[in-house]
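Next comes my_file_11.cif, a file with mmCIF, C-alpha atoms.
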data_coords
loop_
_atom_site.group_PDB
_atom_site.id
_atom_site.type_symbol
_atom_site.label_atom_id
_atom_site.label_comp_id
_atom_site.auth_asym_id
_atom_site.auth_seq_id
_atom_site.Cartn_x
_atom_site.Cartn_y
_atom_site.Cartn_z
ATOM 1 C CA MET A 18 5.542 -24.379 19.465
ATOM 2 C CA GLY A 19 6.325 -21.696 22.022
ATOM 3 C CA VAL A 20 8.888 -20.075 19.708
ATOM 4 C CA ILE A 21 6.335 -19.975 16.881
ATOM 5 C CA LEU A 22 3.727 -18.382 19.130
ATOM 6 C CA ASN A 23 6.237 -15.845 20.430
ATOM 7 C CA ASN A 24 6.929 -14.723 16.858
ATOM 8 C CA LEU A 25 3.344 -15.011 15.646
ATOM 9 C CA ILE A 26 1.569 -13.146 18.452
ATOM 10 C CA PRO A 27 3.364 -9.790 17.824
ATOM 11 C CA ILE A 28 2.651 -10.055 14.088
ATOM 12 C CA ILE A 29 -1.038 -10.821 14.642
ATOM 13 C CA GLY A 30 -1.269 -7.991 17.177
ATOM 14 C CA SER A 31 0.381 -5.623 14.711
ATOM 15 C CA SER A 32 -1.941 -6.833 11.948
ATOM 16 C CA ILE A 33 -4.982 -5.892 14.030
ATOM 17 C CA ALA A 34 -3.483 -2.511 14.909
ATOM 18 C CA MET A 35 -2.644 -1.803 11.261
ATOM 19 C CA SER A 36 -6.144 -2.786 10.169
ATOM 20 C CA ILE A 37 -7.991 -0.417 12.544
ATOM 21 C CA PRO A 38 -7.718 2.750 10.388
ATOM 22 C CA LEU A 39 -8.460 0.688 7.276
ATOM 23 C CA VAL A 40 -11.633 -0.742 8.814
ATOM 24 C CA LEU A 41 -12.820 2.687 9.960
ATOM 25 C CA ALA A 42 -12.195 4.308 6.578
ATOM 26 C CA SER A 43 -13.627 1.351 4.632
ATOM 27 C CA VAL A 44 -16.858 1.286 6.662
ATOM 28 C CA GLY A 45 -17.130 5.014 6.005
ATOM 29 C CA GLY A 46 -16.568 4.350 2.323
ATOM 30 C CA ALA A 47 -19.354 1.766 2.399
ATOM 31 C CA PHE A 48 -21.795 4.396 3.669
ATOM 32 C CA SER A 49 -20.726 6.813 0.944
ATOM 33 C CA VAL A 50 -21.001 4.294 -1.880
ATOM 34 C CA ARG A 51 -24.304 2.930 -0.561
ATOM 35 C CA SER A 52 -25.654 6.478 -0.829
ATOM 36 C CA GLY A 53 -24.483 6.678 -4.448
ATOM 37 C CA ILE A 54 -21.287 8.728 -4.035
ATOM 38 C CA MET A 55 -17.890 7.249 -4.879
ATOM 39 C CA ALA A 56 -15.414 7.088 -2.006
ATOM 40 C CA LEU A 57 -12.228 7.969 -3.875
ATOM 41 C CA GLY A 58 -11.708 10.907 -1.488
ATOM 42 C CA LEU A 59 -10.945 8.627 1.480
ATOM 43 C CA GLU A 60 -7.253 9.479 1.295
ATOM 44 C CA SER A 61 -7.950 13.195 1.786
ATOM 45 C CA MET A 62 -10.401 12.531 4.635
ATOM 46 C CA MET A 63 -7.852 10.371 6.441
ATOM 47 C CA MET A 64 -5.108 12.911 5.807
ATOM 48 C CA MET A 65 -7.111 15.778 7.266
ATOM 49 C CA GLY A 66 -8.182 13.589 10.169
ATOM 50 C CA ALA A 67 -4.541 12.774 10.942
ATOM 51 C CA PHE A 68 -3.475 16.407 10.748
ATOM 52 C CA PHE A 69 -6.304 17.948 12.742
ATOM 53 C CA GLY A 70 -6.170 15.122 15.263
ATOM 54 C CA VAL A 71 -2.618 16.029 16.217
ATOM 55 C CA LEU A 72 -3.343 19.737 15.923
ATOM 56 C CA GLY A 73 -6.284 19.467 18.317
ATOM 57 C CA SER A 74 -4.379 17.442 20.899
ATOM 58 C CA TYR A 75 -1.357 19.750 20.599
ATOM 59 C CA PHE A 76 -3.293 22.891 21.442
ATOM 60 C CA THR A 77 -5.577 21.364 24.078
ATOM 61 C CA GLY A 78 -3.450 18.590 25.554
ATOM 62 C CA SER A 79 -6.465 16.276 25.162
ATOM 63 C CA VAL A 80 -6.249 13.182 22.979
ATOM 64 C CA LEU A 81 -10.044 12.865 23.022
ATOM 65 C CA PHE A 82 -10.403 16.391 21.633
ATOM 66 C CA GLY A 83 -7.780 15.478 19.041
ATOM 67 C CA PHE A 84 -9.888 12.558 17.848
ATOM 68 C CA LEU A 85 -12.996 14.746 17.767
ATOM 69 C CA LEU A 86 -11.214 17.435 15.749
ATOM 70 C CA GLY A 87 -9.836 14.748 13.441
ATOM 71 C CA MET A 88 -13.407 13.566 12.892
ATOM 72 C CA VAL A 89 -14.468 17.116 12.071
ATOM 73 C CA GLY A 90 -11.553 17.487 9.645
ATOM 74 C CA GLY A 91 -12.659 14.363 7.791
ATOM 75 C CA MET A 92 -16.272 15.536 7.754
ATOM 76 C CA VAL A 93 -15.284 18.887 6.234
ATOM 77 C CA ILE A 94 -13.592 17.125 3.329
ATOM 78 C CA GLY A 95 -16.581 14.804 3.066
ATOM 79 C CA LEU A 96 -18.868 17.827 2.892
ATOM 80 C CA PHE A 97 -16.741 19.364 0.137
ATOM 81 C CA HIS A 98 -16.906 16.095 -1.789
ATOM 82 C CA GLY A 99 -20.670 16.000 -1.290
ATOM 83 C CA ILE A 100 -21.155 19.582 -2.454
ATOM 84 C CA LEU A 101 -19.037 19.028 -5.566
ATOM 85 C CA SER A 102 -20.756 15.733 -6.364
ATOM 86 C CA VAL A 103 -24.367 16.526 -5.414
ATOM 87 C CA ARG A 104 -24.774 20.280 -5.779
ATOM 88 C CA TYR A 105 -22.486 20.890 -8.746
ATOM 89 C CA LYS A 106 -22.500 17.351 -10.195
ATOM 90 C CA VAL A 107 -18.753 17.283 -10.703
ATOM 91 C CA ASN A 108 -17.368 13.981 -11.926
ATOM 92 C CA GLN A 109 -16.892 12.050 -8.682
ATOM 93 C CA VAL A 110 -13.553 10.543 -9.708
ATOM 94 C CA ILE A 111 -12.153 14.008 -10.413
ATOM 95 C CA SER A 112 -13.624 15.371 -7.183
ATOM 96 C CA GLY A 113 -12.161 12.595 -5.034
ATOM 97 C CA ILE A 114 -8.677 12.647 -6.529
ATOM 98 C CA GLY A 115 -8.624 16.450 -6.562
ATOM 99 C CA LEU A 116 -9.434 16.552 -2.850
ATOM 100 C CA ASN A 117 -6.698 13.981 -2.182
ATOM 101 C CA LEU A 118 -4.133 16.239 -3.869
ATOM 102 C CA LEU A 119 -5.509 19.310 -2.095
ATOM 103 C CA ALA A 120 -5.325 17.659 1.341
ATOM 104 C CA LEU A 121 -1.694 16.657 0.785
ATOM 105 C CA ALA A 122 -0.742 20.206 -0.200
ATOM 106 C CA VAL A 123 -2.712 21.887 2.607
ATOM 107 C CA THR A 124 -1.435 19.641 5.392
ATOM 108 C CA THR A 125 2.155 19.977 4.167
ATOM 109 C CA LEU A 126 1.896 23.778 4.160
ATOM 110 C CA LEU A 127 0.216 23.991 7.574
ATOM 111 C CA MET A 128 2.708 21.538 9.072
ATOM 112 C CA GLN A 129 5.579 23.796 8.016
ATOM 113 C CA LEU A 130 3.814 26.860 9.443
ATOM 114 C CA ILE A 131 2.711 25.412 12.791
ATOM 115 C CA TRP A 132 4.591 22.346 13.836
ATOM 116 C CA SER A 133 6.097 21.133 17.028
ATOM 117 C CA ASN A 134 4.341 18.093 18.386
ATOM 118 C CA LYS A 135 3.148 16.519 21.597
ATOM 119 C CA ALA A 136 0.217 14.500 22.965
ATOM 120 C CA SER A 137 -0.072 10.759 23.049
ATOM 121 C CA ILE A 138 -2.507 7.975 23.655
ATOM 122 C CA SER A 139 -1.163 5.013 25.615
ATOM 123 C CA THR A 140 -4.250 3.317 27.059
ATOM 124 C CA THR A 141 -4.061 -0.367 26.155
ATOM 125 C CA LEU A 142 -6.393 -3.283 26.787
ATOM 126 C CA ASP A 143 -4.263 -4.926 29.471
ATOM 127 C CA PHE A 144 -7.296 -6.568 31.100
ATOM 128 C CA PHE A 145 -7.406 -9.021 28.169
ATOM 129 C CA ALA A 146 -3.900 -10.307 28.928
ATOM 130 C CA PRO A 147 -4.929 -13.291 31.151
ATOM 131 C CA ILE A 148 -7.058 -14.809 28.358
ATOM 132 C CA PRO A 149 -5.201 -17.746 26.736
ATOM 133 C CA VAL A 150 -3.834 -17.253 23.203
ATOM 134 C CA ILE A 151 -5.858 -14.171 22.197
ATOM 135 C CA GLY A 152 -5.195 -12.283 25.446
ATOM 136 C CA PRO A 153 -1.614 -11.241 24.576
ATOM 137 C CA ILE A 154 -2.794 -10.191 21.104
ATOM 138 C CA LEU A 155 -5.665 -8.013 22.372
ATOM 139 C CA ALA A 156 -3.502 -6.586 25.159
ATOM 140 C CA GLN A 157 -1.338 -4.923 22.474
ATOM 141 C CA GLN A 158 -4.291 -2.929 21.196
ATOM 142 C CA SER A 159 -5.455 0.496 22.332
ATOM 143 C CA VAL A 160 -9.012 1.526 23.127
ATOM 144 C CA SER A 161 -9.336 2.372 19.425
ATOM 145 C CA PHE A 162 -9.760 -1.365 18.841
ATOM 146 C CA LEU A 163 -13.008 -1.281 20.833
ATOM 147 C CA VAL A 164 -14.084 1.795 18.852
ATOM 148 C CA MET A 165 -13.444 -0.120 15.625
ATOM 149 C CA VAL A 166 -15.526 -3.101 16.812
ATOM 150 C CA ALA A 167 -18.365 -0.767 17.803
ATOM 151 C CA VAL A 168 -18.219 1.012 14.428
ATOM 152 C CA VAL A 169 -18.451 -2.283 12.536
ATOM 153 C CA ILE A 170 -21.393 -3.569 14.584
ATOM 154 C CA VAL A 171 -23.302 -0.283 14.595
ATOM 155 C CA GLY A 172 -22.488 0.339 10.930
ATOM 156 C CA TRP A 173 -23.894 -3.062 9.921
ATOM 157 C CA ILE A 174 -27.027 -2.539 12.009
ATOM 158 C CA VAL A 175 -27.609 0.953 10.598
ATOM 159 C CA LEU A 176 -27.090 -0.128 6.989
ATOM 160 C CA PHE A 177 -29.140 -3.308 7.018
ATOM 161 C CA LYS A 178 -31.528 -3.161 9.977
ATOM 162 C CA THR A 179 -32.812 0.433 10.120
ATOM 163 C CA ARG A 180 -35.145 2.593 8.072
ATOM 164 C CA PHE A 181 -32.337 5.081 7.440
ATOM 165 C CA GLY A 182 -30.112 2.313 6.087
ATOM 166 C CA LEU A 183 -32.877 1.093 3.788
ATOM 167 C CA ARG A 184 -33.399 4.602 2.437
ATOM 168 C CA LEU A 185 -29.638 5.096 2.027
ATOM 169 C CA ARG A 186 -29.360 1.886 0.023
ATOM 170 C CA MET A 187 -32.439 2.798 -2.018
ATOM 171 C CA VAL A 188 -30.892 6.129 -2.970
ATOM 172 C CA GLY A 189 -27.662 4.354 -3.898
ATOM 173 C CA GLU A 190 -29.474 1.852 -6.107
ATOM 174 C CA ASN A 191 -31.957 4.135 -7.864
ATOM 175 C CA PRO A 192 -31.975 7.816 -6.906
ATOM 176 C CA LYS A 193 -34.680 8.698 -9.418
ATOM 177 C CA ALA A 194 -37.076 6.098 -8.022
ATOM 178 C CA ALA A 195 -36.220 7.199 -4.480
ATOM 179 C CA ALA A 196 -37.034 10.801 -5.394
ATOM 180 C CA THR A 197 -40.407 9.812 -6.835
ATOM 181 C CA MET A 198 -41.211 8.135 -3.503
ATOM 182 C CA GLY A 199 -40.632 11.437 -1.719
ATOM 183 C CA LEU A 200 -37.214 10.701 -0.239
ATOM 184 C CA ARG A 201 -34.830 13.636 0.164
ATOM 185 C CA VAL A 202 -32.187 12.188 -2.111
ATOM 186 C CA HIS A 203 -29.668 15.006 -1.743
ATOM 187 C CA GLY A 204 -29.985 15.052 2.034
ATOM 188 C CA ILE A 205 -29.429 11.299 2.271
ATOM 189 C CA LYS A 206 -26.394 11.537 -0.002
ATOM 190 C CA TYR A 207 -24.943 14.253 2.231
ATOM 191 C CA CYS A 208 -25.554 12.045 5.278
ATOM 192 C CA GLY A 209 -23.707 9.173 3.618
ATOM 193 C CA VAL A 210 -20.678 11.215 2.681
ATOM 194 C CA LEU A 211 -20.550 12.973 6.090
ATOM 195 C CA ILE A 212 -20.568 9.612 7.873
ATOM 196 C CA CYS A 213 -17.797 8.559 5.517
ATOM 197 C CA GLY A 214 -15.776 11.671 6.356
ATOM 198 C CA ALA A 215 -16.294 11.212 10.105
ATOM 199 C CA LEU A 216 -15.114 7.593 10.149
ATOM 200 C CA ALA A 217 -12.209 8.209 7.775
ATOM 201 C CA GLY A 218 -11.201 11.228 9.894
ATOM 202 C CA VAL A 219 -11.129 9.067 13.027
ATOM 203 C CA GLY A 220 -9.058 6.510 11.114
ATOM 204 C CA GLY A 221 -6.592 9.219 10.147
ATOM 205 C CA ALA A 222 -6.450 10.535 13.710
ATOM 206 C CA TYR A 223 -5.667 6.995 14.869
ATOM 207 C CA LEU A 224 -2.593 7.009 12.619
ATOM 208 C CA SER A 225 -1.230 10.268 14.003
ATOM 209 C CA LEU A 226 -2.286 10.002 17.664
ATOM 210 C CA ASP A 227 -2.194 6.294 18.381
ATOM 211 C CA GLN A 228 0.337 4.709 16.044
ATOM 212 C CA LEU A 229 2.975 7.401 15.531
ATOM 213 C CA ASP A 230 2.204 10.223 17.999
ATOM 214 C CA MET A 231 3.062 12.876 15.421
ATOM 215 C CA PHE A 232 2.127 14.105 11.960
ATOM 216 C CA VAL A 233 4.450 13.721 8.984
ATOM 217 C CA ARG A 234 4.009 14.672 5.353
ATOM 218 C CA ASN A 235 1.862 12.229 3.367
ATOM 219 C CA MET A 236 1.163 10.324 6.565
ATOM 220 C CA THR A 237 -1.606 8.156 5.160
ATOM 221 C CA ALA A 238 0.747 6.914 2.406
ATOM 222 C CA GLY A 239 -2.014 5.574 0.184
ATOM 223 C CA ARG A 240 -4.069 3.931 2.957
ATOM 224 C CA GLY A 241 -7.131 5.786 1.704
ATOM 225 C CA TYR A 242 -6.813 4.076 -1.667
ATOM 226 C CA ILE A 243 -6.291 0.732 0.068
ATOM 227 C CA ALA A 244 -9.460 1.422 2.057
ATOM 228 C CA VAL A 245 -11.330 1.948 -1.223
ATOM 229 C CA ALA A 246 -10.108 -1.468 -2.395
ATOM 230 C CA ILE A 247 -11.146 -3.046 0.922
ATOM 231 C CA ALA A 248 -14.629 -1.531 0.709
ATOM 232 C CA ILE A 249 -15.020 -2.977 -2.786
ATOM 233 C CA LEU A 250 -13.658 -6.394 -1.791
ATOM 234 C CA GLY A 251 -15.963 -6.418 1.243
ATOM 235 C CA GLY A 252 -19.000 -5.763 -0.932
ATOM 236 C CA TYR A 253 -19.688 -2.496 0.962
ATOM 237 C CA ASN A 254 -20.743 -4.575 3.968
ATOM 238 C CA PRO A 255 -19.114 -3.648 7.332
ATOM 239 C CA ALA A 256 -19.089 -7.278 8.495
ATOM 240 C CA GLN A 257 -17.268 -8.442 5.349
ATOM 241 C CA ILE A 258 -14.888 -5.493 5.403
ATOM 242 C CA VAL A 259 -13.191 -6.679 8.631
ATOM 243 C CA PRO A 260 -11.513 -9.849 7.270
ATOM 244 C CA CYS A 261 -10.464 -7.983 4.127
ATOM 245 C CA ALA A 262 -8.877 -5.219 6.225
ATOM 246 C CA LEU A 263 -7.127 -7.809 8.393
ATOM 247 C CA LEU A 264 -5.540 -9.238 5.238
ATOM 248 C CA PHE A 265 -4.100 -5.844 4.335
ATOM 249 C CA GLY A 266 -3.153 -5.192 7.968
ATOM 250 C CA PHE A 267 -1.273 -8.492 7.989
ATOM 251 C CA CYS A 268 0.632 -7.504 4.832
ATOM 252 C CA ASP A 269 1.525 -4.163 6.438
ATOM 253 C CA ALA A 270 2.692 -5.866 9.632
ATOM 254 C CA VAL A 271 4.758 -8.414 7.704
ATOM 255 C CA GLN A 272 6.501 -5.731 5.662
ATOM 256 C CA ILE A 273 7.480 -3.922 8.865
ATOM 257 C CA TYR A 274 8.709 -7.186 10.398
ATOM 258 C CA LEU A 275 10.748 -8.078 7.295
ATOM 259 C CA GLN A 276 12.486 -4.692 7.195
ATOM 260 C CA GLY A 277 14.749 -5.934 9.965
ATOM 261 C CA GLU A 278 15.697 -8.993 7.917
ATOM 262 C CA ALA A 279 17.978 -9.352 4.922
ATOM 263 C CA PHE A 280 15.491 -7.978 2.404
ATOM 264 C CA PRO A 281 15.766 -4.754 0.386
ATOM 265 C CA PRO A 282 13.491 -2.331 2.293
ATOM 266 C CA GLN A 283 12.091 -0.787 -0.893
ATOM 267 C CA ILE A 284 10.811 -4.170 -2.091
ATOM 268 C CA VAL A 285 9.379 -5.058 1.312
ATOM 269 C CA GLN A 286 7.505 -1.745 1.571
ATOM 270 C CA MET A 287 5.782 -2.504 -1.733
ATOM 271 C CA LEU A 288 4.001 -5.559 -0.271
ATOM 272 C CA PRO A 289 0.678 -3.914 0.803
ATOM 273 C CA TYR A 290 0.380 -2.067 -2.504
ATOM 274 C CA ILE A 291 1.150 -5.182 -4.560
ATOM 275 C CA VAL A 292 -1.620 -6.988 -2.684
ATOM 276 C CA THR A 293 -3.939 -4.040 -3.422
ATOM 277 C CA LEU A 294 -3.216 -4.273 -7.148
ATOM 278 C CA LEU A 295 -3.752 -8.033 -7.154
ATOM 279 C CA VAL A 296 -7.059 -7.661 -5.310
ATOM 280 C CA LEU A 297 -8.273 -4.986 -7.725
ATOM 281 C CA ALA A 298 -7.141 -7.031 -10.714
ATOM 282 C CA PHE A 299 -8.495 -10.440 -9.728
ATOM 283 C CA GLY A 300 -10.559 -10.221 -6.553
ATOM 284 C CA VAL A 301 -13.385 -7.854 -7.418
ATOM 285 C CA LYS A 302 -14.521 -8.996 -10.855
ATOM 286 C CA HIS A 303 -17.888 -10.208 -9.623
ATOM 287 C CA ILE A 304 -18.505 -7.475 -7.043
ATOM 288 C CA LYS A 305 -20.753 -4.722 -8.359
ATOM 289 C CA PRO A 306 -21.385 -1.382 -6.633
ATOM 290 C CA PRO A 307 -24.931 -0.073 -6.140
ATOM 291 C CA ALA A 308 -26.511 0.684 -9.511
ATOM 292 C CA GLY A 309 -26.977 4.374 -8.705
ATOM 293 C CA VAL A 310 -23.365 5.244 -7.880
ATOM 294 C CA GLY A 311 -22.524 8.448 -9.703
ATOM 295 C CA LYS A 312 -26.157 9.070 -10.688
ATOM 296 C CA TYR A 313 -28.595 11.722 -9.500
ATOM 297 C CA ASP A 314 -32.328 11.950 -9.013
ATOM 298 C CA ASP A 315 -32.835 13.722 -12.342
ATOM 299 C CA GLU A 316 -31.003 11.174 -14.454
#

Would you kindly transcribe this structure into structure tokens?
Amino acid sequence: MGVILNNLIPIIGSSIAMSIPLVLASVGGAFSVRSGIMALGLESMMMMGAFFGVLGSYFTGSVLFGFLLGMVGGMVIGLFHGILSVRYKVNQVISGIGLNLLALAVTTLLMQLIWSNKASISTTLDFFAPIPVIGPILAQQSVSFLVMVAVVIVGWIVLFKTRFGLRLRMVGENPKAAATMGLRVHGIKYCGVLICGALAGVGGAYLSLDQLDMFVRNMTAGRGYIAVAIAILGGYNPAQIVPCALLFGFCDAVQIYLQGEAFPPQIVQMLPYIVTLLVLAFGVKHIKPPAGVGKYDDE
């Protein structure tokens, strides 16, 4: 029993750590979709968050400033996505994927022009260690775990228990009806996509500052697309997103664990993406997005 626990605890701890950026980005995606704007740009928001997070901490020596700048980087991409989708009514699929490609190119270029890296975040939740069973698991996590928990709780409350959340969901369901009631449809859509960018940017900064302590090309490696799948599977509900993200985090942790075993590394690294395809193919048939996604107040 002790041997099993000794092997299981690190995997569970890694699963939670791997799920943190996915939860943050997916909750952000839920806000965007609930406002009626597709969240296919999550990859670019996470990418810019990862890059500017490290850039901010490199020039200031402050990890906190790095996270704040990463949040701003994600919000800038979110704003671009909002402007293209709301102001110019660009197809939201094209806008999201285009921004993903743009973020990859921009961060790669800037990395080659600027880079040499430092700054780290090492604060862990050691005070949980004495708790039986879950203590060693939580002790592996950084303070970002507490941020993730707060985001989920506050995100659920805002979406389902506040006037703003009601208006956001109303705009996402029927923007034309919301406009006739006097709601500022465009402003609410911008709020949704900016919240999305902020949370995805923090998720990206977590990858570069907390997990790896550096920025590398294509650092998000498709996690933004996985976050889109998690948001769909979770029904755009922050509370339901957590277990879905833990599933993907577990797959990510297992593939890292198995790389040290006698398995071809290329096959093992495919595990999270295979699970994503299976979820999209079979797990979301009966989950429908808000009726007004992709629509505007004049349609």

message: Residue by residue, what does the PyMOL selection byres ((chain A and resi 169) around 9) grab here? Present the result as a ChimeraX atom specification.
response: /A:40-41,44,164-168,170-174,255-256,258-259

- prompt: Could you state the separation of atom CA of Ala122 of chain A and atom CA of Tyr223 of chain A in Å, given to one decimal place?
  reply: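 If I compute the distance from atom CA of Ala122 of chain A to atom CA of Tyr223 of chain A, I get 20.6 Å.
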
task: Kindly resolve the PyMOL selection byres ((chain A and resi 202-218) around 8) on the present coordinates and return the residues as a VMD selection string.
output: chain A and resid 38 41 to 54 59 62 to 67 87 to 96 98 to 99 103 184 to 185 188 192 195 to 196 200 to 201 219 to 222 314

Residue with smallest distance to Met236 of chain A - pool A:Ile26, A:Gly152, A:Met128, A:Val110, counting all atoms listed in the file: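 Nearest candidate to Met236 of chain A out of A:Ile26, A:Gly152, A:Met128, A:Val110: A:Met128.
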
message: One decimal, in Å: what's the spacing between atom CA of Leu126 of chain A and atom CA of Thr77 of chain A?
response: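 Between these atoms lies a distance of 21.4 Å.
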
query: Pick the closest to Val301 of chain A from A:Tyr253, A:Ser102, A:Phe232, A:Ala194: which is it, counting all atoms listed in the file?
result: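 Of A:Tyr253, A:Ser102, A:Phe232, A:Ala194, the one nearest Val301 of chain A, counting all atoms listed in the file, is A:Tyr253.
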
Explicit residues for the PyMOL selection byres ((chain A and resi 117) around 10) (as a list in words):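 For this structure, the PyMOL selection byres ((chain A and resi 117) around 10) resolves to Leu57, Gly58, Leu59, Glu60, Ser61, Met62, Met63, Met64, Met65, Ile94, Ile111, Ser112, Gly113, Ile114, Gly115, Leu116, Leu118, Leu119, Ala120, Leu121, Ala122, Gly239, Gly241 and Tyr242 of chain A.
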
field: Distance of atom CA of Gly70 of chain A from atom CA of Asp230 of chain A, expressed in Å to one decimal place
entry: 10.1 Å

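Considering the residues A:Ile243, A:Gln257, A:Gly309, A:Gln157 and counting only C-alpha atoms, Ile28 of chain A has its shortest atom-to-atom contact with A:Gln157.
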
query: Which of these, A:Leu86, A:Met55, A:Ile33, A:Leu263, has the shortest distance to Asn108 of chain A once you count all atoms listed in the file?
result: A:Met55

Taking every listed atom of segment 210-221 of chain A and adding 3 Å to each side, what centre and edge lengths in Å (one decimal) does the axis-aligned box have, as JSON?
{"center_x": -13.6, "center_y": 9.7, "center_z": 7.9, "size_x": 20.1, "size_y": 12.5, "size_z": 16.3}

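Considering only C-alpha atoms, the residue among A:Phe69, A:Ala56, A:Ile304, A:Phe82 positioned nearest to Gln109 of chain A is A:Ala56.
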
- request: Go through A:Arg104, A:Leu39, A:Met231, A:Phe68 one by one, measure the shortest atom-to-atom distance of each to Ala244 of chain A using all atoms listed in the file, and give the residue with the smallest value.
  value: A:Leu39

- request: Fewer than 6 positions away in the same chain doesn't count, so skip those; otherwise give me all residues within 12 Å of Phe299 of chain A, counting all atoms listed in the file, as a ChimeraX atom specification.
  value: /A:246,250,292-293
